[in-house]
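Engineer: Structure file data_30.txt (compact mmCIF, C-alpha atoms and all ligand atoms) right here:
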```txt
# COMPACT_ATOMS: atom_id res chain seq x y z
CA MET A 153 16.20 93.87 -46.66
CA PRO A 154 19.33 93.89 -44.52
CA ASP A 155 22.57 94.89 -46.19
CA ARG A 156 24.12 91.50 -45.66
CA ILE A 157 21.67 88.89 -46.65
CA ASP A 158 21.00 86.20 -44.11
CA GLY A 159 18.70 83.94 -45.98
CA PRO A 160 17.41 80.57 -44.91
CA ASP A 161 20.21 78.22 -43.91
CA ARG A 162 19.94 75.29 -46.25
CA THR A 163 22.71 73.27 -44.60
CA ASP A 164 19.89 71.16 -43.23
CA GLY A 165 19.59 69.69 -46.69
CA SER A 166 16.14 71.12 -47.20
CA GLY A 167 17.08 71.62 -50.82
CA PRO A 168 16.36 74.33 -53.31
CA THR A 169 13.94 77.11 -52.54
CA ASP A 170 12.64 77.51 -56.06
CA GLY A 171 10.65 74.35 -56.05
CA SER A 172 12.85 72.65 -58.64
CA GLU A 173 13.46 68.98 -58.30
CA LEU A 174 17.22 69.01 -57.87
CA ALA A 175 18.02 66.54 -55.17
CA GLY A 176 21.30 65.66 -53.52
CA TYR A 177 22.93 69.08 -53.42
CA ALA A 178 25.76 69.69 -51.03
CA THR A 179 25.08 73.02 -49.35
CA VAL A 180 28.73 73.26 -48.46
CA PRO A 181 30.18 75.89 -46.17
CA TYR A 182 31.95 78.87 -47.62
CA PRO A 183 34.55 78.90 -49.08
CA ALA A 184 33.69 75.96 -51.28
CA ASN A 185 36.80 75.10 -53.18
CA PRO A 186 37.18 72.15 -55.46
CA PRO A 187 38.50 69.00 -53.90
CA GLY A 188 42.21 68.33 -54.16
CA GLY A 189 43.39 71.77 -53.11
CA GLY A 190 41.46 73.77 -55.68
CA GLU A 191 41.86 74.35 -59.38
CA ALA A 192 44.15 77.15 -60.46
CA ARG A 193 41.88 80.04 -61.41
CA GLU A 194 43.25 82.58 -63.80
CA GLU A 195 40.24 84.86 -63.52
CA SER A 196 39.31 86.60 -60.36
CA GLY A 197 36.27 88.62 -59.46
CA LEU A 198 32.77 87.35 -60.20
CA VAL A 199 32.19 84.76 -62.91
CA ALA A 200 28.57 83.68 -63.28
CA GLU A 201 26.72 81.55 -65.78
CA VAL A 202 23.15 80.70 -64.91
CA ARG A 203 19.94 79.29 -66.33
CA LEU A 204 17.02 79.75 -64.02
CA ARG A 205 13.34 79.12 -64.66
CA ARG A 206 10.55 80.84 -62.76
CA GLY A 207 7.17 79.78 -64.09
CA ASP A 208 7.14 80.64 -67.80
CA PHE A 209 10.16 82.88 -67.45
CA THR A 210 13.74 81.73 -68.08
CA LEU A 211 16.82 83.76 -67.24
CA GLU A 212 19.88 82.64 -69.11
CA LEU A 213 23.10 84.63 -68.97
CA ALA A 214 26.82 84.65 -68.46
CA CYS A 215 28.75 87.56 -67.03
CA ARG A 216 32.06 88.45 -65.47
CA VAL A 217 32.92 91.31 -63.16
CA PRO A 218 36.63 91.82 -62.41
CA PRO A 219 37.66 93.00 -58.93
CA GLY A 220 36.98 96.68 -58.40
CA GLU A 221 34.67 96.91 -61.43
CA VAL A 222 30.98 97.74 -61.53
CA LEU A 223 28.62 95.95 -63.91
CA ALA A 224 25.34 97.80 -64.48
CA VAL A 225 22.38 95.59 -65.35
CA LEU A 226 19.74 97.46 -67.31
CA GLY A 227 16.50 96.21 -68.79
CA PRO A 228 12.75 96.78 -68.90
CA ASN A 229 10.35 95.63 -66.19
CA GLY A 230 10.27 91.87 -65.99
CA ALA A 231 13.58 91.45 -67.85
CA GLY A 232 15.06 89.34 -65.07
CA LYS A 233 17.26 91.81 -63.19
CA SER A 234 15.96 90.88 -59.73
CA THR A 235 16.04 87.22 -60.67
CA LEU A 236 19.74 87.59 -61.44
CA LEU A 237 20.30 89.12 -58.00
CA THR A 238 18.45 86.26 -56.30
CA ALA A 239 20.66 83.79 -58.14
CA LEU A 240 23.79 85.63 -57.01
CA THR A 241 22.66 85.84 -53.39
CA GLY A 242 21.66 82.18 -53.42
CA SER A 243 18.06 82.75 -52.39
CA VAL A 244 16.94 80.97 -55.56
CA ARG A 245 18.91 78.13 -57.10
CA PRO A 246 19.49 78.12 -60.85
CA GLU A 247 18.75 74.77 -62.47
CA HIS A 248 21.99 74.98 -64.37
CA GLY A 249 25.18 76.96 -64.01
CA GLY A 250 28.00 78.12 -61.85
CA ILE A 251 28.89 81.16 -59.78
CA ARG A 252 32.42 81.80 -58.66
CA LEU A 253 33.98 84.60 -56.63
CA ALA A 254 37.75 84.59 -57.17
CA ASP A 255 38.63 80.97 -56.37
CA HIS A 256 35.54 80.34 -54.23
CA THR A 257 32.79 78.35 -55.87
CA TRP A 258 29.37 79.45 -54.68
CA LEU A 259 27.38 77.39 -57.13
CA ASP A 260 28.25 74.55 -59.44
CA THR A 261 25.20 72.57 -60.48
CA ARG A 262 27.37 69.98 -62.22
CA ARG A 263 29.19 69.21 -59.00
CA ARG A 264 26.12 69.85 -56.88
CA ILE A 265 27.70 72.67 -54.92
CA ASP A 266 25.43 75.37 -53.55
CA VAL A 267 26.83 77.62 -50.83
CA PRO A 268 23.96 78.94 -48.72
CA THR A 269 23.11 82.61 -48.84
CA HIS A 270 24.47 83.61 -45.47
CA ARG A 271 27.87 82.11 -46.25
CA ARG A 272 28.33 83.81 -49.62
CA GLY A 273 29.52 87.13 -48.28
CA VAL A 274 27.16 89.28 -50.32
CA GLY A 275 26.60 92.92 -49.35
CA LEU A 276 23.38 94.50 -50.60
CA LEU A 277 22.34 98.11 -50.84
CA ALA A 278 18.67 98.16 -51.80
CA GLN A 279 16.28 100.97 -52.71
CA ARG A 280 15.56 101.73 -49.09
CA ALA A 281 18.09 101.80 -46.30
CA MET A 282 16.21 99.36 -44.05
CA LEU A 283 18.27 100.30 -41.00
CA PHE A 284 17.40 98.72 -37.67
CA PRO A 285 15.09 101.40 -36.23
CA HIS A 286 16.08 100.91 -32.60
CA LEU A 287 19.84 101.23 -33.22
CA THR A 288 21.86 104.38 -33.81
CA ALA A 289 23.58 104.84 -37.16
CA LEU A 290 26.87 103.82 -35.56
CA ASP A 291 25.37 100.67 -34.03
CA ASN A 292 23.68 99.78 -37.32
CA VAL A 293 27.08 99.76 -39.00
CA ALA A 294 28.82 98.06 -36.08
CA PHE A 295 26.18 95.31 -36.06
CA GLY A 296 27.48 93.67 -39.24
CA ILE A 297 31.07 93.93 -38.04
CA ARG A 298 30.23 92.37 -34.69
CA ALA A 299 28.37 89.57 -36.45
CA SER A 300 31.71 88.44 -37.85
CA GLY A 301 33.07 88.03 -34.32
CA VAL A 302 34.77 91.41 -33.77
CA ARG A 303 34.57 92.77 -30.19
CA ARG A 304 32.43 95.76 -29.35
CA LYS A 305 35.05 98.51 -29.13
CA PRO A 306 37.02 97.70 -32.29
CA ALA A 307 33.71 97.13 -34.11
CA ARG A 308 32.54 100.61 -33.14
CA ARG A 309 35.89 102.11 -34.18
CA ALA A 310 35.64 100.40 -37.56
CA ALA A 311 32.01 101.47 -37.90
CA LEU A 312 32.96 105.09 -37.25
CA GLU A 313 35.60 104.86 -39.96
CA TRP A 314 33.01 103.50 -42.42
CA LEU A 315 30.62 106.30 -41.50
CA ARG A 316 33.42 108.76 -42.15
CA ARG A 317 34.07 107.21 -45.58
CA THR A 318 30.41 107.57 -46.48
CA GLU A 319 30.44 111.16 -45.25
CA THR A 320 28.16 110.51 -42.29
CA GLY A 321 30.81 110.56 -39.55
CA ASP A 322 28.85 113.23 -37.66
CA LEU A 323 25.58 111.25 -37.67
CA GLY A 324 26.69 108.21 -35.66
CA ASP A 325 24.52 109.04 -32.63
CA ARG A 326 21.32 109.51 -34.59
CA GLU A 327 18.57 106.95 -34.89
CA PRO A 328 17.21 106.17 -38.36
CA SER A 329 14.07 108.24 -37.70
CA GLU A 330 16.37 111.28 -37.32
CA LEU A 331 18.04 110.79 -40.70
CA SER A 332 16.96 112.04 -44.12
CA GLY A 333 16.49 109.47 -46.87
CA GLY A 334 19.87 110.35 -48.37
CA GLN A 335 21.64 110.19 -45.00
CA ALA A 336 20.03 106.83 -44.19
CA GLN A 337 21.13 105.46 -47.56
CA ARG A 338 24.71 106.58 -46.85
CA VAL A 339 24.61 104.80 -43.52
CA ALA A 340 23.21 101.70 -45.25
CA LEU A 341 26.13 101.84 -47.70
CA ALA A 342 28.54 102.04 -44.76
CA ARG A 343 26.80 99.04 -43.20
CA ALA A 344 27.01 97.02 -46.43
CA LEU A 345 30.71 97.77 -46.92
CA ALA A 346 31.66 97.36 -43.25
CA ALA A 347 30.72 93.69 -43.42
CA GLU A 348 33.58 93.33 -45.97
CA PRO A 349 31.46 91.43 -48.50
CA GLU A 350 33.07 89.48 -51.34
CA LEU A 351 30.46 90.81 -53.76
CA LEU A 352 28.53 94.05 -53.54
CA LEU A 353 25.03 94.25 -55.02
CA LEU A 354 23.35 97.60 -55.55
CA ASP A 355 19.64 97.19 -56.28
CA GLU A 356 18.25 100.50 -57.53
CA PRO A 357 20.13 102.32 -54.76
CA LEU A 358 19.04 105.81 -55.84
CA SER A 359 15.50 105.22 -57.00
CA ALA A 360 13.83 106.07 -53.67
CA LEU A 361 15.81 109.29 -53.16
CA ASP A 362 14.46 112.69 -54.10
CA VAL A 363 15.94 114.78 -56.89
CA ALA A 364 18.19 116.67 -54.50
CA ALA A 365 19.58 113.62 -52.67
CA ALA A 366 20.11 111.31 -55.64
CA PRO A 367 22.97 113.22 -57.37
CA ALA A 368 24.87 113.56 -54.09
CA MET A 369 24.47 109.84 -53.34
CA ARG A 370 25.51 109.00 -56.91
CA GLY A 371 28.64 111.08 -56.41
CA LEU A 372 29.38 109.36 -53.11
CA LEU A 373 28.92 105.92 -54.67
CA HIS A 374 31.29 106.92 -57.43
CA ARG A 375 33.96 107.93 -54.92
CA VAL A 376 33.48 104.94 -52.63
CA LEU A 377 33.22 102.32 -55.38
CA GLY A 378 36.32 103.75 -57.02
CA GLN A 379 38.32 103.02 -53.87
CA GLN A 380 37.40 99.40 -53.39
CA ARG A 381 38.46 96.14 -55.00
CA ARG A 382 35.39 93.96 -54.77
CA PRO A 383 33.25 93.30 -57.83
CA CYS A 384 29.92 95.07 -57.84
CA VAL A 385 26.64 94.46 -59.70
CA LEU A 386 24.32 97.45 -60.01
CA VAL A 387 20.70 97.03 -61.07
CA THR A 388 19.22 100.28 -62.25
CA HIS A 389 16.56 101.84 -64.44
CA ASP A 390 18.50 105.09 -64.67
CA VAL A 391 21.02 105.21 -67.44
CA LEU A 392 22.86 108.01 -65.64
CA ASP A 393 23.71 105.57 -62.83
CA ALA A 394 25.33 103.33 -65.40
CA VAL A 395 27.17 106.26 -66.98
CA VAL A 396 28.60 107.48 -63.69
CA LEU A 397 29.12 104.25 -61.78
CA ALA A 398 29.61 101.34 -64.15
CA ASP A 399 32.62 100.09 -66.07
CA ARG A 400 30.47 97.71 -68.07
CA VAL A 401 26.81 97.41 -68.92
CA LEU A 402 24.70 94.32 -69.47
CA VAL A 403 21.29 94.83 -71.03
CA LEU A 404 18.71 92.16 -70.29
CA ASP A 405 15.47 91.65 -72.15
CA ARG A 406 13.07 88.77 -71.48
CA GLY A 407 15.71 86.87 -69.55
CA ALA A 408 18.45 87.08 -72.17
CA VAL A 409 21.45 89.34 -72.65
CA VAL A 410 20.82 91.60 -75.63
CA GLU A 411 23.97 93.70 -75.21
CA GLN A 412 27.04 93.58 -73.04
CA GLY A 413 30.18 95.68 -73.15
CA SER A 414 31.94 98.76 -71.85
CA THR A 415 29.51 101.40 -70.63
CA HIS A 416 30.57 103.79 -73.28
CA ARG A 417 30.34 101.31 -76.13
CA VAL A 418 26.91 100.04 -75.17
CA LEU A 419 25.37 103.44 -74.49
CA SER A 420 26.93 105.42 -77.30
CA ARG A 421 26.54 102.78 -79.97
CA PRO A 422 23.44 100.87 -78.96
CA ARG A 423 22.92 97.79 -81.07
CA THR A 424 19.29 97.22 -80.24
CA ALA A 425 16.30 99.54 -80.37
CA PHE A 426 15.69 98.83 -76.72
CA THR A 427 19.16 100.00 -75.68
CA ALA A 428 18.89 103.06 -77.90
CA ARG A 429 15.64 103.93 -76.18
CA ILE A 430 16.98 103.54 -72.67
CA ALA A 431 20.29 105.16 -73.49
CA GLY A 432 18.48 108.33 -74.55
CA LEU A 433 21.46 110.52 -73.68
CA ASN A 434 24.50 111.71 -75.53
CA LEU A 435 27.65 110.69 -73.81
CA ILE A 436 31.15 111.90 -74.58
CA THR A 437 33.94 110.56 -72.43
CA GLY A 438 37.44 111.81 -71.89
CA THR A 439 39.44 113.36 -69.09
CA ALA A 440 38.37 116.15 -66.78
CA THR A 441 39.98 119.56 -67.14
CA GLY A 442 38.07 122.05 -64.98
CA GLU A 443 34.69 122.69 -66.56
CA THR A 444 35.49 120.73 -69.69
CA VAL A 445 35.89 117.14 -70.77
CA ARG A 446 38.80 116.65 -73.15
CA THR A 447 38.39 113.74 -75.55
CA PRO A 448 41.28 111.54 -76.74
CA ARG A 449 41.10 113.48 -80.03
CA GLY A 450 41.69 116.73 -78.13
CA ARG A 451 38.19 118.13 -78.44
CA ALA A 452 37.05 120.07 -75.37
CA LEU A 453 33.41 119.86 -74.34
CA HIS A 454 32.26 122.68 -72.08
CA GLY A 455 29.60 122.13 -69.46
CA SER A 456 28.55 122.47 -65.85
CA VAL A 457 30.22 120.24 -63.31
CA VAL A 458 27.53 118.22 -61.52
CA GLU A 459 29.87 116.45 -59.12
CA PRO A 460 33.45 117.61 -58.58
CA THR A 461 35.88 116.08 -61.07
CA THR A 462 39.61 115.60 -60.66
CA PRO A 463 41.81 117.01 -63.46
CA GLY A 464 43.17 114.20 -65.59
CA GLU A 465 40.66 111.64 -64.25
CA PRO A 466 37.93 110.06 -66.42
CA ALA A 467 34.86 112.23 -66.91
CA ALA A 468 31.80 112.33 -69.16
CA ALA A 469 29.91 115.15 -70.80
CA VAL A 470 26.24 114.16 -70.87
CA PHE A 471 23.44 115.95 -72.73
CA PRO A 472 20.02 115.02 -74.10
CA PRO A 473 19.33 114.83 -77.84
CA THR A 474 16.72 117.56 -77.37
CA ALA A 475 19.50 120.01 -76.40
CA VAL A 476 21.27 119.61 -79.73
CA ALA A 477 20.87 122.13 -82.55
CA VAL A 478 21.91 121.12 -86.05
CA HIS A 479 23.88 123.53 -88.27
CA PRO A 480 25.01 123.07 -91.85
CA HIS A 481 28.21 125.05 -91.07
CA ALA A 482 30.30 125.61 -87.93
CA PRO A 483 28.30 128.09 -85.83
CA GLU A 484 30.28 131.28 -85.28
CA GLY A 485 30.65 133.65 -82.34
CA SER A 486 28.75 131.47 -79.95
CA PRO A 487 29.90 129.81 -76.73
CA ARG A 488 28.35 126.51 -77.75
CA ASN A 489 30.07 123.23 -78.27
CA ALA A 490 30.01 122.35 -81.97
CA ILE A 491 30.86 118.85 -83.07
CA PRO A 492 31.25 117.92 -86.74
CA VAL A 493 29.28 114.77 -87.58
CA ARG A 494 28.08 112.79 -90.56
CA VAL A 495 24.37 111.99 -90.49
CA VAL A 496 24.02 108.20 -90.45
CA GLY A 497 20.41 107.75 -89.40
CA MET A 498 17.02 109.45 -89.12
CA GLU A 499 14.04 108.01 -87.33
CA PRO A 500 10.76 109.39 -86.01
CA ARG A 501 10.73 110.08 -82.30
CA GLY A 502 7.33 111.32 -81.14
CA ASP A 503 6.85 114.73 -82.77
CA ALA A 504 10.54 114.99 -83.59
CA ILE A 505 13.05 113.33 -85.88
CA ARG A 506 16.03 111.74 -84.19
CA LEU A 507 19.18 112.27 -86.21
CA ARG A 508 22.10 110.00 -85.55
CA GLY A 509 25.46 111.58 -86.19
CA GLU A 510 28.81 109.90 -86.31
CA THR A 511 32.01 111.78 -85.59
CA ASP A 512 35.41 111.07 -87.06
CA SER A 513 36.51 109.78 -83.69
CA PRO A 514 36.59 106.00 -83.41
CA ASP A 515 35.38 105.62 -79.88
CA SER A 516 34.80 108.13 -77.16
CA GLU A 517 32.51 110.51 -79.02
CA ALA A 518 31.53 108.28 -81.87
CA ALA A 519 27.74 108.34 -82.04
CA LEU A 520 25.53 111.25 -81.06
CA ALA A 521 21.81 111.93 -81.36
CA ALA A 522 19.86 115.12 -82.03
CA ASP A 523 16.07 115.52 -81.85
CA ILE A 524 14.84 118.22 -84.19
CA THR A 525 11.51 119.03 -85.77
CA PRO A 526 10.52 117.59 -89.16
CA ALA A 527 10.29 121.22 -90.35
CA ALA A 528 13.96 121.79 -89.42
CA VAL A 529 14.97 118.59 -91.23
CA ALA A 530 13.14 119.82 -94.32
CA GLU A 531 14.52 123.35 -94.05
CA LEU A 532 18.09 122.07 -93.77
CA GLY A 533 17.42 119.59 -96.60
CA LEU A 534 19.09 116.91 -94.51
CA ARG A 535 19.95 113.55 -95.98
CA ILE A 536 21.84 110.53 -94.78
CA GLY A 537 25.54 111.08 -95.39
CA ASP A 538 25.42 114.89 -94.94
CA GLU A 539 28.21 116.53 -92.97
CA VAL A 540 26.76 118.88 -90.35
CA PHE A 541 27.53 120.29 -86.91
CA PHE A 542 25.77 119.25 -83.72
CA ALA A 543 25.84 122.25 -81.39
CA VAL A 544 24.95 122.24 -77.71
CA LYS A 545 25.11 125.03 -75.16
CA ALA A 546 27.51 124.54 -72.26
CA THR A 547 24.59 125.09 -69.87
CA GLU A 548 22.90 121.99 -71.31
CA VAL A 549 25.95 119.76 -70.79
CA ALA A 550 26.40 118.02 -67.43
CA ILE A 551 29.91 116.96 -66.53
CA HIS A 552 30.26 113.93 -64.28
CA PRO A 553 33.24 112.06 -62.94
CA VAL A 554 32.95 108.48 -64.24
CA SER A 555 34.57 105.12 -63.78
CA GLY A 556 37.08 104.15 -66.42
CA GLY A 557 34.66 102.09 -68.57
N1 LIG B 1 8.59 83.71 -57.75
C1 LIG B 1 8.32 83.79 -59.06
N2 LIG B 1 7.60 82.81 -59.67
C2 LIG B 1 7.34 82.86 -60.99
N3 LIG B 1 7.74 83.85 -61.79
C3 LIG B 1 8.44 84.86 -61.24
C4 LIG B 1 8.77 84.87 -59.86
N4 LIG B 1 9.49 86.00 -59.62
C5 LIG B 1 9.60 86.64 -60.79
N5 LIG B 1 8.98 85.96 -61.76
C6 LIG B 1 8.89 86.35 -63.17
O1 LIG B 1 10.21 86.44 -63.66
C7 LIG B 1 10.29 87.48 -64.62
C8 LIG B 1 11.46 88.39 -64.26
O2 LIG B 1 11.16 89.10 -63.08
P1 LIG B 1 12.22 90.05 -62.38
O3 LIG B 1 11.58 90.52 -61.12
O4 LIG B 1 13.51 89.35 -62.30
O5 LIG B 1 12.35 91.25 -63.43
P2 LIG B 1 13.04 92.66 -63.24
O6 LIG B 1 13.87 92.88 -64.45
O7 LIG B 1 13.72 92.75 -61.93
O8 LIG B 1 11.79 93.62 -63.29
P3 LIG B 1 11.53 95.05 -62.57
O9 LIG B 1 12.37 96.04 -63.32
O10 LIG B 1 10.07 95.27 -62.80
O11 LIG B 1 11.90 94.93 -61.13
C9 LIG B 1 8.95 88.17 -64.65
O12 LIG B 1 8.25 87.68 -65.77
C10 LIG B 1 8.30 87.73 -63.37
O13 LIG B 1 6.92 87.68 -63.53
```
Let's see the structure in the file written out as structure tokens.

Structural biologist:
Amino acid sequence: MPDRIDGPDRTDGSGPTDGSELAGYATVPYPANPPGGGEAREESGLVAEVRLRRGDFTLELACRVPPGEVLAVLGPNGAGKSTLLTALTGSVRPEHGGIRLADHTWLDTRRRIDVPTHRRGVGLLAQRAMLFPHLTALDNVAFGIRASGVRRKPARRAALEWLRRTETGDLGDREPSELSGGQAQRVALARALAAEPELLLLDEPLSALDVAAAPAMRGLLHRVLGQQRRPCVLVTHDVLDAVVLADRVLVLDRGAVVEQGSTHRVLSRPRTAFTARIAGLNLITGTATGETVRTPRGRALHGSVVEPTTPGEPAAAVFPPTAVAVHPHAPEGSPRNAIPVRVVGMEPRGDAIRLRGETDSPDSEAALAADITPAAVAELGLRIGDEVFFAVKATEVAIHPVSGG
């Protein structure tokens, strides 16, 4: 798919593409503001509320994404994540709802407004870069800029600047066949952003990259998204993408929102079994100080820096429950991180028992998980309510820069 979606132009009145029977829609040009000079809108960013049926499946959700924020959409296969993206791009029309970007109405089924896809100003970065094979990287990026009427030379200058921002400034002369997957995805990001979209959609942007390229691209996305003011929706299966890139998380299951909130809240205190399963990682947020993350309570978590952090900026210490050892007393003389917790839950997890521990801290390090053997649970005589220490080696803790969420 191209980075800026040019779907079928429905200004010919050909009607919805989803086969629904909604007649008489105005496929008005963008921006579609309400008659009479426009209503005063307090909210800006993306505001969407949609109900969309596809066969037996119904997607029904409401979400908001303020300017400059990233909303991660997580959910199992078939949950409706792609369907949400098609509703936002306008390639499928919801039977009920509204979509607004700042004070531009893209969809309002009540007032029969439906701005066609190519006039919505949506930038998409998909799993694969999908660059035009016969154009150089520079020309791929300049293409979208030229499409908005900019002349060749200034378009190429702007394209070069976007390549520089995505750390591919030295690759402008290469054709896509001469780029690695990670390099091509960086160029595709430059192309998506160069078109100055109103809304940026990231559809599994790291899932096709290999294990070496994905962390670097994740780090680049973190830096680039942190510098821009447009709202962004990120569909991902990888909870680490949400941790690093998203301010808020929305969890979909069978077309409905099962959880929605700040990334940290949703992933550290999952309210549904599904979210707990996908979360699957311990996450402690705070501010970066060298190779540690300092929590609001002053606790320092030691780890290895995966992507460079900036002192004083938000960062997360991430580690799997399998890396946690449980001690009845503070472990002595060891370089490990030891966090006092109260055991609040125990549940079977394959061959292990997952312990849920709650710290005395109200938010940033509130809920942690440890997977230990049933024999260890028995040996420690663990019961709900016990005060213990969760210990994790610094080598098992990955430190990432994160968005503020
Ligand atoms: N064109 C269509 N007609 C009928 N049903 C559809 C159509 N497209 C998708 N669906 C159904 O809608 C539901 C949601 O699909 P969707 O692709 O949005 O899920 P998803 O969360 O993106 O899944 P995945 O993670 O596997 O990509 C599924 O039950 C799917 O079978």

Engineer: Excluding Gly509 of chain A and its own-chain neighbours fewer than 4 positions away, which residues fall within 6 Å of it when counting all atoms listed in the file? Please give them as a PDB file with C-alpha atoms, in the frame of the given file.

Structural biologist:
```pdb
ATOM      1  CA  VAL A 493      29.280 114.770 -87.580  1.00  0.00           C
ATOM      2  CA  ARG A 494      28.080 112.790 -90.560  1.00  0.00           C
ATOM      3  CA  VAL A 495      24.370 111.990 -90.490  1.00  0.00           C
ATOM      4  CA  VAL A 496      24.020 108.200 -90.450  1.00  0.00           C
ATOM      5  CA  ALA A 519      27.740 108.340 -82.040  1.00  0.00           C
ATOM      6  CA  LEU A 520      25.530 111.250 -81.060  1.00  0.00           C
TER       7      LEU A 520
END
```

Engineer: Ranking A:Glu247, A:Glu350, A:Asp325, A:Glu221 by minimum distance to Gly273 of chain A and counting all atoms listed in the file, which one comes first?

Structural biologist: A:Glu350

Engineer: Tell me, as a PyMOL selection string, which residues lie within 8 Å of Leu419 of chain A, counting all atoms listed in the file; anything in the same chain fewer than 4 positions away does not count.

Structural biologist: chain A and resi 415+427-428+431+435

Engineer: Keeping C-alpha atoms for every residue in the selection just given, could you write it to a file as a PDB file, in the coordinates of the input?

Structural biologist:
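What landed in again.pdb:
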```pdb
ATOM      1  CA  THR A 415      29.510 101.400 -70.630  1.00  0.00           C
ATOM      2  CA  THR A 427      19.160 100.000 -75.680  1.00  0.00           C
ATOM      3  CA  ALA A 428      18.890 103.060 -77.900  1.00  0.00           C
ATOM      4  CA  ALA A 431      20.290 105.160 -73.490  1.00  0.00           C
ATOM      5  CA  LEU A 435      27.650 110.690 -73.810  1.00  0.00           C
TER       6      LEU A 435
END
```

Engineer: Compute the set of protein, DNA and RNA residues whose minimum atom distance to ligand LIG 1 (chain B) is at most 12 Å, using all atoms listed in the file, and state it as JSON, numbers by chain.

Structural biologist: {"A": [169, 170, 171, 172, 204, 205, 206, 207, 208, 209, 210, 211, 212, 225, 226, 227, 228, 229, 230, 231, 232, 233, 234, 235, 236, 237, 238, 239, 243, 244, 245, 278, 279, 355, 356, 359, 386, 387, 388, 389, 390, 403, 404, 405, 406, 407, 408, 409]}

Engineer: Would you save the residues from that selection as a PDB file, keeping the file's coordinate frame, using C-alpha atoms?

Structural biologist:
```pdb
ATOM      1  CA  THR A 169      13.940  77.110 -52.540  1.00  0.00           C
ATOM      2  CA  ASP A 170      12.640  77.510 -56.060  1.00  0.00           C
ATOM      3  CA  GLY A 171      10.650  74.350 -56.050  1.00  0.00           C
ATOM      4  CA  SER A 172      12.850  72.650 -58.640  1.00  0.00           C
ATOM      5  CA  LEU A 204      17.020  79.750 -64.020  1.00  0.00           C
ATOM      6  CA  ARG A 205      13.340  79.120 -64.660  1.00  0.00           C
ATOM      7  CA  ARG A 206      10.550  80.840 -62.760  1.00  0.00           C
ATOM      8  CA  GLY A 207       7.170  79.780 -64.090  1.00  0.00           C
ATOM      9  CA  ASP A 208       7.140  80.640 -67.800  1.00  0.00           C
ATOM     10  CA  PHE A 209      10.160  82.880 -67.450  1.00  0.00           C
ATOM     11  CA  THR A 210      13.740  81.730 -68.080  1.00  0.00           C
ATOM     12  CA  LEU A 211      16.820  83.760 -67.240  1.00  0.00           C
ATOM     13  CA  GLU A 212      19.880  82.640 -69.110  1.00  0.00           C
ATOM     14  CA  VAL A 225      22.380  95.590 -65.350  1.00  0.00           C
ATOM     15  CA  LEU A 226      19.740  97.460 -67.310  1.00  0.00           C
ATOM     16  CA  GLY A 227      16.500  96.210 -68.790  1.00  0.00           C
ATOM     17  CA  PRO A 228      12.750  96.780 -68.900  1.00  0.00           C
ATOM     18  CA  ASN A 229      10.350  95.630 -66.190  1.00  0.00           C
ATOM     19  CA  GLY A 230      10.270  91.870 -65.990  1.00  0.00           C
ATOM     20  CA  ALA A 231      13.580  91.450 -67.850  1.00  0.00           C
ATOM     21  CA  GLY A 232      15.060  89.340 -65.070  1.00  0.00           C
ATOM     22  CA  LYS A 233      17.260  91.810 -63.190  1.00  0.00           C
ATOM     23  CA  SER A 234      15.960  90.880 -59.730  1.00  0.00           C
ATOM     24  CA  THR A 235      16.040  87.220 -60.670  1.00  0.00           C
ATOM     25  CA  LEU A 236      19.740  87.590 -61.440  1.00  0.00           C
ATOM     26  CA  LEU A 237      20.300  89.120 -58.000  1.00  0.00           C
ATOM     27  CA  THR A 238      18.450  86.260 -56.300  1.00  0.00           C
ATOM     28  CA  ALA A 239      20.660  83.790 -58.140  1.00  0.00           C
ATOM     29  CA  SER A 243      18.060  82.750 -52.390  1.00  0.00           C
ATOM     30  CA  VAL A 244      16.940  80.970 -55.560  1.00  0.00           C
ATOM     31  CA  ARG A 245      18.910  78.130 -57.100  1.00  0.00           C
ATOM     32  CA  ALA A 278      18.670  98.160 -51.800  1.00  0.00           C
ATOM     33  CA  GLN A 279      16.280 100.970 -52.710  1.00  0.00           C
ATOM     34  CA  ASP A 355      19.640  97.190 -56.280  1.00  0.00           C
ATOM     35  CA  GLU A 356      18.250 100.500 -57.530  1.00  0.00           C
ATOM     36  CA  SER A 359      15.500 105.220 -57.000  1.00  0.00           C
ATOM     37  CA  LEU A 386      24.320  97.450 -60.010  1.00  0.00           C
ATOM     38  CA  VAL A 387      20.700  97.030 -61.070  1.00  0.00           C
ATOM     39  CA  THR A 388      19.220 100.280 -62.250  1.00  0.00           C
ATOM     40  CA  HIS A 389      16.560 101.840 -64.440  1.00  0.00           C
ATOM     41  CA  ASP A 390      18.500 105.090 -64.670  1.00  0.00           C
ATOM     42  CA  VAL A 403      21.290  94.830 -71.030  1.00  0.00           C
ATOM     43  CA  LEU A 404      18.710  92.160 -70.290  1.00  0.00           C
ATOM     44  CA  ASP A 405      15.470  91.650 -72.150  1.00  0.00           C
ATOM     45  CA  ARG A 406      13.070  88.770 -71.480  1.00  0.00           C
ATOM     46  CA  GLY A 407      15.710  86.870 -69.550  1.00  0.00           C
ATOM     47  CA  ALA A 408      18.450  87.080 -72.170  1.00  0.00           C
ATOM     48  CA  VAL A 409      21.450  89.340 -72.650  1.00  0.00           C
TER      49      VAL A 409
END
```

Engineer: Pick from A:Glu539, A:Asp512, A:Val554, A:Val476: nearest to Ile524 of chain A, with only C-alpha atoms counted?

Structural biologist: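 Result for the nearest residue to Ile524 of chain A: A:Val476.
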
Engineer: Counting all atoms listed in the file, which residues come within 12 Å of (29.6, 119.5, -81.3), with the point read in the file's coordinates, and could you list them as a VMD selection string?

Structural biologist: chain A and resid 434 to 436 447 451 to 454 469 471 473 475 to 479 481 to 483 487 to 494 509 to 512 517 to 522 540 to 546 549
